[in-house]
file protein28.cif (mmCIF, C-alpha atoms)
data_entry
#
loop_
_atom_site.label_atom_id
_atom_site.label_comp_id
_atom_site.auth_asym_id
_atom_site.auth_seq_id
_atom_site.Cartn_x
_atom_site.Cartn_y
_atom_site.Cartn_z
CA MET A 41 97.33 71.24 111.52
CA ARG A 42 94.19 70.68 109.46
CA ALA A 43 92.88 73.47 107.25
CA LEU A 44 90.36 74.01 104.49
CA VAL A 45 92.13 74.67 101.20
CA PHE A 46 91.03 76.01 97.81
CA ASP A 47 93.53 74.56 95.33
CA ARG A 48 92.48 76.71 92.36
CA PRO A 49 89.58 78.92 91.23
CA ALA A 50 86.40 76.89 90.80
CA PRO A 51 82.66 77.56 90.50
CA ASP A 52 81.91 74.76 92.98
CA ALA A 53 83.59 72.65 95.66
CA SER A 54 85.56 70.52 93.17
CA ALA A 55 88.87 72.18 94.13
CA THR A 56 88.18 72.34 97.89
CA ARG A 57 89.77 69.91 100.35
CA VAL A 58 90.82 69.53 103.98
CA ALA A 59 94.61 69.29 104.12
CA GLU A 60 97.46 69.00 106.61
CA LEU A 61 99.52 72.20 106.70
CA PRO A 62 102.39 73.46 108.88
CA VAL A 63 101.31 75.29 112.02
CA PRO A 64 101.87 79.03 111.46
CA GLU A 65 104.06 80.95 113.90
CA PRO A 66 103.12 84.51 114.89
CA GLY A 67 105.32 87.33 113.67
CA ALA A 68 105.77 90.79 115.13
CA GLY A 69 102.40 92.29 116.07
CA GLN A 70 100.58 88.98 115.65
CA ILE A 71 98.82 86.47 117.88
CA ALA A 72 98.41 82.76 117.12
CA VAL A 73 94.99 81.40 118.06
CA ASP A 74 93.86 77.81 118.54
CA VAL A 75 90.63 78.06 116.58
CA ALA A 76 87.53 76.65 118.23
CA CYS A 77 85.00 78.09 115.77
CA ALA A 78 85.24 79.96 112.48
CA GLY A 79 82.62 81.86 110.51
CA VAL A 80 81.64 81.01 106.95
CA ASN A 81 81.09 84.04 104.73
CA PHE A 82 80.12 84.89 101.17
CA ILE A 83 83.60 86.37 100.71
CA ASP A 84 84.86 82.75 100.85
CA VAL A 85 82.71 82.01 97.79
CA MET A 86 84.11 85.06 96.00
CA ALA A 87 87.65 83.85 96.72
CA ARG A 88 86.81 80.30 95.62
CA ARG A 89 85.45 81.37 92.25
CA GLY A 90 88.51 83.54 91.63
CA ASP A 91 87.04 87.04 91.86
CA PRO A 92 89.96 89.51 91.63
CA GLY A 93 91.51 90.56 94.91
CA TYR A 94 90.13 87.87 97.22
CA ALA A 95 92.70 85.06 96.96
CA PRO A 96 96.20 86.47 96.41
CA GLU A 97 97.72 83.04 95.76
CA TRP A 98 96.80 79.38 95.33
CA PRO A 99 96.39 77.16 97.26
CA PHE A 100 94.37 79.49 99.50
CA VAL A 101 93.00 78.99 103.03
CA PRO A 102 89.76 80.98 103.50
CA GLY A 103 88.17 82.12 106.73
CA LEU A 104 87.44 85.71 107.75
CA GLU A 105 86.62 85.47 111.46
CA ILE A 106 87.46 83.16 114.32
CA ALA A 107 87.09 82.55 118.03
CA GLY A 108 89.26 80.38 120.22
CA THR A 109 92.09 80.65 122.75
CA VAL A 110 95.41 82.41 122.49
CA ARG A 111 98.13 79.91 121.59
CA ALA A 112 101.22 82.11 121.34
CA LEU A 113 102.26 85.76 121.12
CA GLY A 114 104.54 87.17 118.45
CA PRO A 115 107.64 89.28 119.17
CA GLY A 116 106.78 92.51 120.96
CA VAL A 117 103.25 91.36 121.89
CA GLU A 118 102.56 91.20 125.63
CA HIS A 119 98.85 90.41 125.88
CA PRO A 120 96.35 88.79 125.96
CA ALA A 121 97.93 85.89 127.79
CA PRO A 122 98.02 82.39 126.28
CA GLY A 123 94.79 80.57 127.09
CA THR A 124 92.64 83.71 126.95
CA ARG A 125 89.37 83.35 125.04
CA VAL A 126 89.42 85.72 122.07
CA ALA A 127 87.60 86.57 118.87
CA ALA A 128 89.43 88.03 115.90
CA PHE A 129 89.08 89.31 112.38
CA VAL A 130 91.79 87.48 110.44
CA GLY A 131 90.79 88.22 106.84
CA ARG A 132 92.07 84.86 105.60
CA GLY A 133 93.22 81.55 107.05
CA GLY A 134 90.50 81.26 109.68
CA LEU A 135 89.12 77.89 108.54
CA ALA A 136 92.03 76.07 110.13
CA GLU A 137 93.02 74.67 113.50
CA VAL A 138 95.47 77.55 114.09
CA ALA A 139 95.17 81.06 112.67
CA LEU A 140 97.19 84.28 112.94
CA ALA A 141 95.60 87.62 113.79
CA PRO A 142 97.00 91.15 114.09
CA THR A 143 96.83 92.31 117.70
CA GLY A 144 94.62 95.28 116.85
CA LEU A 145 91.95 92.98 115.44
CA VAL A 146 91.74 90.69 118.48
CA ALA A 147 89.22 91.13 121.30
CA GLU A 148 88.71 89.18 124.50
CA VAL A 149 85.42 87.31 124.61
CA PRO A 150 83.26 88.44 127.55
CA GLY A 151 81.92 85.92 130.01
CA GLY A 152 78.55 84.54 128.98
CA VAL A 153 79.34 84.63 125.25
CA ASP A 154 80.06 81.18 123.83
CA LEU A 155 82.80 80.81 121.22
CA ALA A 156 80.39 79.93 118.41
CA ARG A 157 78.61 83.27 118.82
CA ALA A 158 81.91 85.06 119.27
CA ALA A 159 83.07 83.62 115.94
CA ALA A 160 80.15 85.36 114.24
CA ALA A 161 81.22 88.75 115.59
CA GLY A 162 84.29 89.52 113.48
CA GLY A 163 82.51 89.48 110.11
CA ALA A 164 78.78 90.11 109.83
CA LEU A 165 78.20 91.89 113.15
CA THR A 166 81.30 94.05 112.89
CA THR A 167 80.48 94.89 109.28
CA ALA A 168 76.97 95.95 110.31
CA ALA A 169 78.24 98.10 113.16
CA LEU A 170 80.79 99.86 110.96
CA LEU A 171 78.29 100.42 108.16
CA LEU A 172 75.76 102.05 110.46
CA GLU A 173 78.07 104.13 112.65
CA HIS A 174 81.15 105.01 110.62
CA VAL A 175 80.27 104.69 106.92
CA ALA A 176 76.58 105.57 106.44
CA ARG A 177 76.54 107.50 109.74
CA VAL A 178 72.92 106.67 110.40
CA ARG A 179 70.97 109.20 112.45
CA ALA A 180 67.91 108.82 114.66
CA GLY A 181 64.62 109.04 112.78
CA GLU A 182 65.97 107.91 109.42
CA VAL A 183 64.65 105.13 107.17
CA VAL A 184 67.26 102.47 106.38
CA LEU A 185 66.92 100.08 103.43
CA VAL A 186 69.03 96.91 103.27
CA HIS A 187 69.34 94.68 100.22
CA SER A 188 69.90 90.92 100.73
CA ALA A 189 68.22 91.19 104.11
CA GLY A 190 68.15 87.44 104.74
CA GLY A 191 71.93 86.98 104.81
CA GLY A 192 74.31 87.22 107.75
CA VAL A 193 75.08 90.95 107.37
CA GLY A 194 71.44 91.69 106.59
CA GLN A 195 70.27 90.03 109.78
CA ALA A 196 72.98 91.77 111.79
CA LEU A 197 71.84 95.14 110.45
CA ALA A 198 68.27 94.35 111.52
CA GLN A 199 69.57 93.79 115.07
CA LEU A 200 71.78 96.87 115.29
CA ALA A 201 69.80 99.55 113.41
CA PRO A 202 67.06 99.87 116.06
CA LEU A 203 69.78 100.67 118.63
CA ALA A 204 70.48 103.79 116.55
CA ASN A 205 66.80 104.81 116.91
CA VAL A 206 66.02 104.64 113.20
CA ALA A 207 62.42 105.30 112.20
CA ARG A 208 62.12 102.15 110.09
CA ILE A 209 64.41 99.46 108.75
CA VAL A 210 63.21 97.86 105.53
CA GLY A 211 64.81 94.85 103.87
CA THR A 212 64.71 93.49 100.34
CA VAL A 213 65.21 89.91 99.18
CA GLY A 214 65.57 88.39 95.75
CA ARG A 215 63.01 85.61 96.20
CA PRO A 216 59.65 85.40 98.04
CA GLU A 217 60.72 82.34 100.05
CA ARG A 218 63.32 84.46 101.88
CA VAL A 219 60.82 87.00 103.20
CA GLU A 220 59.85 85.23 106.41
CA SER A 221 63.36 84.56 107.69
CA ALA A 222 64.35 88.18 107.01
CA ARG A 223 61.23 89.47 108.74
CA ALA A 224 62.00 87.27 111.75
CA ALA A 225 65.40 88.97 112.05
CA GLY A 226 63.66 92.21 113.01
CA TYR A 227 62.86 94.17 109.86
CA ASP A 228 59.81 96.41 109.96
CA ALA A 229 59.03 95.30 106.41
CA VAL A 230 60.61 92.92 103.89
CA LEU A 231 60.01 93.49 100.19
CA VAL A 232 60.79 91.34 97.18
CA ARG A 233 62.95 93.05 94.56
CA ASP A 234 60.53 93.15 91.64
CA ASP A 235 59.17 95.73 89.22
CA GLY A 236 56.89 97.22 91.88
CA LEU A 237 59.56 97.67 94.57
CA ALA A 238 59.91 101.46 94.28
CA GLN A 239 56.16 102.04 94.58
CA THR A 240 55.86 99.60 97.48
CA LEU A 241 58.71 101.27 99.35
CA ARG A 242 57.15 104.68 98.91
CA GLY A 243 53.98 103.27 100.44
CA GLU A 244 55.95 101.87 103.39
CA THR A 245 57.63 105.21 104.03
CA GLY A 246 54.81 107.67 103.41
CA GLY A 247 56.24 108.58 100.03
CA ARG A 248 59.63 109.44 101.48
CA GLY A 249 61.94 106.69 100.25
CA ALA A 250 65.07 105.58 102.11
CA ASP A 251 67.56 107.92 103.78
CA VAL A 252 70.23 105.21 103.85
CA ILE A 253 70.58 102.32 101.39
CA LEU A 254 73.04 99.51 102.19
CA ASP A 255 73.74 97.43 99.10
CA PRO A 256 75.98 94.32 98.86
CA GLN A 257 75.21 93.69 95.18
CA GLY A 258 78.03 95.73 93.66
CA THR A 259 76.77 98.21 91.07
CA GLU A 260 74.01 95.93 89.79
CA LEU A 261 71.21 97.73 91.68
CA LEU A 262 72.52 101.30 91.58
CA ASP A 263 69.83 102.64 89.24
CA LEU A 264 67.20 101.09 91.51
CA ASP A 265 68.93 102.55 94.58
CA LEU A 266 68.67 106.05 93.16
CA GLU A 267 64.97 105.46 92.46
CA LEU A 268 64.45 104.33 96.06
CA ALA A 269 66.48 107.14 97.63
CA ALA A 270 64.98 110.00 99.62
CA PRO A 271 66.43 113.47 99.05
CA GLY A 272 69.85 113.65 100.67
CA ALA A 273 70.23 109.85 100.82
CA ARG A 274 73.51 108.00 101.38
CA ILE A 275 74.01 104.83 99.32
CA VAL A 276 76.76 102.50 100.53
CA LEU A 277 78.06 99.63 98.39
CA PHE A 278 79.66 96.99 100.61
CA GLY A 279 80.13 93.97 98.38
CA ASN A 280 79.95 92.50 94.92
CA ALA A 281 77.84 89.40 95.43
CA ALA A 282 77.22 88.88 91.72
CA GLY A 283 80.94 88.91 90.95
CA GLY A 284 82.43 90.15 87.71
CA THR A 285 83.50 93.64 86.79
CA LEU A 286 81.81 96.50 88.60
CA GLY A 287 79.82 98.83 86.39
CA PRO A 288 80.23 102.61 86.17
CA LEU A 289 78.72 104.94 88.74
CA PRO A 290 75.66 106.99 87.74
CA PRO A 291 76.16 110.34 85.97
CA THR A 292 76.86 113.15 88.41
CA GLY A 293 73.66 114.85 87.33
CA ALA A 294 71.65 112.08 88.97
CA LEU A 295 73.51 112.65 92.24
CA PHE A 296 73.09 116.40 92.11
CA ALA A 297 69.39 116.02 91.36
CA GLY A 298 68.75 114.00 94.51
CA ASN A 299 71.49 115.49 96.70
CA ALA A 300 72.58 111.85 96.97
CA MET A 301 75.93 110.37 97.93
CA ILE A 302 77.43 106.99 96.95
CA GLY A 303 80.20 105.43 99.03
CA GLY A 304 82.02 102.13 99.23
CA PHE A 305 83.04 99.92 102.15
CA SER A 306 85.43 96.97 102.39
CA LEU A 307 85.93 95.36 105.80
CA SER A 308 89.24 93.83 104.72
CA ARG A 309 90.62 97.15 103.49
CA MET A 310 89.43 99.00 106.60
CA ALA A 311 91.05 96.33 108.78
CA ALA A 312 94.36 97.01 107.01
CA GLN A 313 94.01 100.80 106.95
CA LEU A 314 92.15 101.53 110.21
CA PRO A 315 92.59 98.46 112.45
CA GLU A 316 91.75 100.42 115.60
CA ARG A 317 88.33 101.25 114.15
CA VAL A 318 87.59 97.64 113.22
CA GLY A 319 88.92 96.33 116.53
CA GLY A 320 86.77 98.83 118.41
CA ALA A 321 83.66 97.74 116.52
CA LEU A 322 84.46 94.08 117.24
CA ARG A 323 84.76 94.78 120.97
CA ASP A 324 81.50 96.74 120.88
CA VAL A 325 79.46 93.96 119.27
CA LEU A 326 80.91 91.39 121.67
CA ARG A 327 79.78 93.61 124.55
CA ARG A 328 76.31 93.88 123.02
CA LEU A 329 76.18 90.07 122.70
CA ALA A 330 77.17 89.75 126.37
CA ASP A 331 74.51 92.28 127.37
CA GLN A 332 71.93 90.41 125.23
CA GLN A 333 71.16 93.57 123.27
CA ILE A 334 71.68 91.55 120.08
CA ASP A 335 71.83 87.90 119.10
CA VAL A 336 72.65 85.81 116.04
CA GLU A 337 70.59 83.26 114.14
CA LEU A 338 73.37 80.69 114.38
CA HIS A 339 73.76 77.51 112.33
CA GLU A 340 76.60 75.45 113.81
CA LEU A 341 78.43 73.04 111.51
CA ASP A 342 80.59 70.17 112.73
CA GLY A 343 84.15 70.11 111.44
CA LEU A 344 86.02 71.60 108.50
CA GLU A 345 84.52 68.95 106.21
CA SER A 346 81.15 70.69 106.56
CA ALA A 347 82.39 74.01 105.13
CA PRO A 348 82.25 73.13 101.39
CA ARG A 349 78.52 72.40 101.59
CA ALA A 350 77.99 75.70 103.44
CA HIS A 351 79.85 77.51 100.66
CA GLU A 352 77.60 75.84 98.07
CA GLU A 353 74.50 76.99 99.96
CA LEU A 354 75.80 80.55 100.13
CA ALA A 355 76.66 80.53 96.43
CA ALA A 356 73.11 79.37 95.62
CA GLY A 357 71.49 81.90 97.96
CA ARG A 358 69.97 79.18 100.16
CA GLY A 359 69.35 79.35 103.87
CA SER A 360 69.54 82.27 106.25
CA GLY A 361 71.41 83.43 109.30
CA LYS A 362 75.05 82.83 110.17
CA ARG A 363 76.99 79.61 109.56
CA VAL A 364 79.80 78.82 111.99
CA VAL A 365 82.10 75.79 111.75
CA ARG A 366 83.19 74.10 114.95
CA VAL A 367 86.82 73.50 114.03
CA ALA A 368 87.86 72.02 117.39
CA ARG A 369 85.77 68.98 118.23
CA SER A 370 85.51 70.00 121.89
CA ALA A 371 84.46 73.60 121.11
#

call {"tool": "encode", "arguments": {"input": "protein28.cif", "output": "structure tokens"}}
result
Amino acid sequence: MRALVFDRPAPDASATRVAELPVPEPGAGQIAVDVACAGVNFIDVMARRGDPGYAPEWPFVPGLEIAGTVRALGPGVEHPAPGTRVAAFVGRGGLAEVALAPTGLVAEVPGGVDLARAAAAGGALTTAALLLEHVARVRAGEVVLVHSAGGGVGQALAQLAPLANVARIVGTVGRPERVESARAAGYDAVLVRDDGLAQTLRGETGGRGADVILDPQGTELLDLDLELAAPGARIVLFGNAAGGTLGPLPPTGALFAGNAMIGGFSLSRMAAQLPERVGGALRDVLRRLADQQIDVELHELDGLESAPRAHEELAAGRGSGKRVVRVARSA
């Protein structure tokens, strides 16, 4: 089978290639999927550049989320039947013609949802659903602030937060040219992260600040997050986009002073520890796609050869929405 391979850590696509690899066979509790479409995610970039914990060995096949048809069932697995359309969170190995997925992280794709959209469900949409419902536990009437609002997770949060009846959802972006695409995703306001951000946010929220802050920038913005937080706020760190070593958490006095909480979220770790929770969220977002409650700004790419350029764009912070590679030519 053909697969995208990172041969070694690299800051660019110089060590990325499309290679022929053996077709993987499913083990106990696994399903083999003929991949029609696979999502491209910033976590691929983190693995490519060698951030600790993202590529356990080299060469490495990236790919977090897939959609396709069931190829084969591993020992002890009885369903779904071969040929069934499914989406799955695979964690790694998705940018290939065949991928393996644990049964608990596989969901049947409802009628009316094409496989390209289904391939976007396992990563960004599922992450957004878990952040809102299970991690930050967003309540009706709250103000939610999302950093990096123009990215795939940011746009997914803009779609899902209104379904929780939040009062306002406000996004931030690093550059002015990303404001319009983030606003089009559904944010009530999109602010540029500059020296006046805290004052601007207070104006947007009647002086209140944000009840929930969702931050994929590691610990880089934590001091700013505390400045933006309303009393009793929950701050959730769900990535480390800048890479490198995470900094220390704020002194406990700062948390006591604002009755604030800081938590962390890793989709990959939750998938390993609580697969039923991740699988349930995946099924839920697929249902919402089928019911047209949400949608995805989708950018479809043709073939595995297109993935390295998509990784370069993500690394440079260019573009918006969700990139999905059509792995199978007939997908």

call {"tool": "residues_around", "arguments": {"input": "protein28.cif", "residues": "A:Ser306", "least_positions_apart": "4", "cutoff": "12 Å", "atoms": "only C-alpha atoms", "output": "list in words"}}
result
Ile83, Gly93, Tyr94, Gly131, Gly163, Thr166, Thr167, Ala168, Leu170, Leu171, Val175, Pro256, Gly258, Val276, Leu277, Phe278, Gly279, Asn280, Met310, Ala311, Ala312, Gln313, Leu314 and Val318 of chain A

call {"tool": "write_last_selection", "arguments": {"input": "protein28.cif", "atoms": "C-alpha atoms", "output": "PDB file, in the coordinates of the input"}}
result
ATOM      1  CA  ILE A  83      83.600  86.370 100.710  1.00  0.00           C
ATOM      2  CA  GLY A  93      91.510  90.560  94.910  1.00  0.00           C
ATOM      3  CA  TYR A  94      90.130  87.870  97.220  1.00  0.00           C
ATOM      4  CA  GLY A 131      90.790  88.220 106.840  1.00  0.00           C
ATOM      5  CA  GLY A 163      82.510  89.480 110.110  1.00  0.00           C
ATOM      6  CA  THR A 166      81.300  94.050 112.890  1.00  0.00           C
ATOM      7  CA  THR A 167      80.480  94.890 109.280  1.00  0.00           C
ATOM      8  CA  ALA A 168      76.970  95.950 110.310  1.00  0.00           C
ATOM      9  CA  LEU A 170      80.790  99.860 110.960  1.00  0.00           C
ATOM     10  CA  LEU A 171      78.290 100.420 108.160  1.00  0.00           C
ATOM     11  CA  VAL A 175      80.270 104.690 106.920  1.00  0.00           C
ATOM     12  CA  PRO A 256      75.980  94.320  98.860  1.00  0.00           C
ATOM     13  CA  GLY A 258      78.030  95.730  93.660  1.00  0.00           C
ATOM     14  CA  VAL A 276      76.760 102.500 100.530  1.00  0.00           C
ATOM     15  CA  LEU A 277      78.060  99.630  98.390  1.00  0.00           C
ATOM     16  CA  PHE A 278      79.660  96.990 100.610  1.00  0.00           C
ATOM     17  CA  GLY A 279      80.130  93.970  98.380  1.00  0.00           C
ATOM     18  CA  ASN A 280      79.950  92.500  94.920  1.00  0.00           C
ATOM     19  CA  MET A 310      89.430  99.000 106.600  1.00  0.00           C
ATOM     20  CA  ALA A 311      91.050  96.330 108.780  1.00  0.00           C
ATOM     21  CA  ALA A 312      94.360  97.010 107.010  1.00  0.00           C
ATOM     22  CA  GLN A 313      94.010 100.800 106.950  1.00  0.00           C
ATOM     23  CA  LEU A 314      92.150 101.530 110.210  1.00  0.00           C
ATOM     24  CA  VAL A 318      87.590  97.640 113.220  1.00  0.00           C
TER      25      VAL A 318
END

call {"tool": "closest_residue", "arguments": {"input": "protein28.cif", "among": "A:Leu44, A:Ala224, A:Ala350, A:Val252", "to": "A:Val184", "atoms": "all atoms listed in the file"}}
result
A:Val252

call {"tool": "resolve_selection", "arguments": {"input": "protein28.cif", "expression": "the PyMOL selection byres ((chain A and resi 273) around 7)", "output": "ChimeraX atom specification"}}
result
/A:250-252,269-272,274-275,300-301

call {"tool": "resolve_selection", "arguments": {"input": "protein28.cif", "expression": "the PyMOL selection byres ((chain A and resi 185) around 6)", "output": "PyMOL selection string"}}
result
chain A and resi 184+186+209-211+250+253

call {"tool": "residues_around", "arguments": {"input": "protein28.cif", "residues": "stretch 141-153 of chain A", "least_positions_apart": "2", "cutoff": "10 Å", "atoms": "all atoms listed in the file", "output": "ChimeraX atom specification"}}
result
/A:66-73,105-110,113-114,117-120,124-134,139,155-159,162,311-312,314-324,326-332

call {"tool": "residues_around", "arguments": {"input": "protein28.cif", "residues": "A:Arg88", "least_positions_apart": "2", "cutoff": "8 Å", "atoms": "all atoms listed in the file", "output": "number ranges by chain"}}
result
A: 46, 48-52, 84-86, 90-91, 95

call {"tool": "resolve_selection", "arguments": {"input": "protein28.cif", "expression": "the PyMOL selection byres ((chain A and resi 348) around 9)", "output": "list in words"}}
result
Leu44, Asp52, Ala53, Thr56, Arg57, Leu344, Glu345, Ser346, Ala347, Arg349, Ala350, His351, Glu352 and Glu353 of chain A

call {"tool": "closest_residue", "arguments": {"input": "protein28.cif", "among": "A:Gly298, A:Pro216, A:Gly79, A:Pro96", "to": "A:Gly343", "atoms": "all atoms listed in the file"}}
result
A:Gly79

call {"tool": "residues_around", "arguments": {"input": "protein28.cif", "residues": "A:Pro288", "least_positions_apart": "4", "cutoff": "10 Å", "atoms": "only C-alpha atoms", "output": "PyMOL selection string"}}
result
chain A and resi 259-260+262

call {"tool": "residues_around", "arguments": {"input": "protein28.cif", "residues": "A:Asp235", "least_positions_apart": "6", "cutoff": "12 Å", "atoms": "only C-alpha atoms", "output": "PyMOL selection string"}}
result
chain A and resi 214+241+264+267

call {"tool": "atom_distance", "arguments": {"input": "protein28.cif", "atom1": "atom CA of A:Arg179", "atom2": "atom CA of A:Gly246"}}
result
18.6 Å

call {"tool": "closest_residue", "arguments": {"input": "protein28.cif", "among": "A:Glu337, A:Ala76, A:Phe100, A:Arg358", "to": "A:Gln195", "atoms": "all atoms listed in the file"}}
result
A:Glu337

call {"tool": "atom_distance", "arguments": {"input": "protein28.cif", "atom1": "atom CA of A:Leu341", "atom2": "atom CA of A:Val365"}}
result
4.6 Å

call {"tool": "atom_distance", "arguments": {"input": "protein28.cif", "atom1": "atom CA of A:Asp154", "atom2": "atom CA of A:Gly191"}}
result
21.5 Å

call {"tool": "closest_residue", "arguments": {"input": "protein28.cif", "among": "A:His187, A:Arg218, A:Arg366, A:Arg177", "to": "A:Ala204", "atoms": "only C-alpha atoms"}}
result
A:Arg177

call {"tool": "closest_residue", "arguments": {"input": "protein28.cif", "among": "A:Leu237, A:Leu254, A:Ala196, A:Val45", "to": "A:Trp98", "atoms": "all atoms listed in the file"}}
result
A:Val45

call {"tool": "closest_residue", "arguments": {"input": "protein28.cif", "among": "A:Ala222, A:Leu104, A:Val213, A:Val367", "to": "A:Asp234", "atoms": "only C-alpha atoms"}}
result
A:Val213

call {"tool": "residues_near_point", "arguments": {"input": "protein28.cif", "point": "(68.5, 83.3, 113.3)", "cutoff": "9 Å", "atoms": "all atoms listed in the file", "output": "VMD selection string"}}
result
chain A and resid 192 195 221 to 222 224 to 225 335 to 339 360 to 362

call {"tool": "axis_aligned_box", "arguments": {"input": "protein28.cif", "around": "stretch 151-161 of chain A", "padding_each_side": "8 Å", "output": "lines of an AutoDock Vina configuration file"}}
result
center_x = 80.8
center_y = 84.3
center_z = 122.1
size_x = 20.5
size_y = 24.8
size_z = 31.8

call {"tool": "build_atoms", "arguments": {"input": "protein28.cif", "residues": "stretch 123-134 of chain A", "atoms": "N, CA, C and O atoms", "output": "short mmCIF file (atom, residue, chain, number, x, y, z; two decimals), in the frame of the given file"}}
result
data_model
loop_
_atom_site.label_atom_id
_atom_site.label_comp_id
_atom_site.auth_asym_id
_atom_site.auth_seq_id
_atom_site.Cartn_x
_atom_site.Cartn_y
_atom_site.Cartn_z
N GLY A 123 95.94 81.17 126.43
CA GLY A 123 94.79 80.57 127.09
C GLY A 123 93.58 81.48 127.17
O GLY A 123 92.48 81.00 127.47
N THR A 124 93.76 82.76 126.90
CA THR A 124 92.64 83.71 126.95
C THR A 124 91.68 83.46 125.80
O THR A 124 92.10 83.23 124.66
N ARG A 125 90.38 83.49 126.11
CA ARG A 125 89.37 83.35 125.04
C ARG A 125 89.30 84.65 124.24
O ARG A 125 89.13 85.73 124.81
N VAL A 126 89.42 84.52 122.92
CA VAL A 126 89.42 85.72 122.07
C VAL A 126 88.60 85.46 120.82
O VAL A 126 88.38 84.32 120.39
N ALA A 127 88.15 86.57 120.22
CA ALA A 127 87.60 86.57 118.87
C ALA A 127 88.49 87.48 118.04
O ALA A 127 89.13 88.39 118.57
N ALA A 128 88.54 87.24 116.73
CA ALA A 128 89.43 88.03 115.90
C ALA A 128 88.92 88.09 114.47
O ALA A 128 88.29 87.15 113.97
N PHE A 129 89.23 89.21 113.82
CA PHE A 129 89.08 89.31 112.38
C PHE A 129 90.44 88.98 111.79
O PHE A 129 91.43 89.68 112.05
N VAL A 130 90.51 87.91 111.00
CA VAL A 130 91.79 87.48 110.44
C VAL A 130 91.90 87.73 108.94
O VAL A 130 92.99 87.73 108.37
N GLY A 131 90.77 87.92 108.27
CA GLY A 131 90.79 88.22 106.84
C GLY A 131 90.97 87.03 105.94
O GLY A 131 90.34 86.92 104.88
N ARG A 132 91.82 86.10 106.34
CA ARG A 132 92.07 84.86 105.60
C ARG A 132 92.68 83.86 106.58
O ARG A 132 93.21 84.22 107.61
N GLY A 133 92.57 82.57 106.24
CA GLY A 133 93.22 81.55 107.05
C GLY A 133 92.46 81.12 108.29
O GLY A 133 92.98 80.33 109.09
N GLY A 134 91.23 81.58 108.46
CA GLY A 134 90.50 81.26 109.68
C GLY A 134 89.93 79.86 109.73
O GLY A 134 89.69 79.32 110.81
#
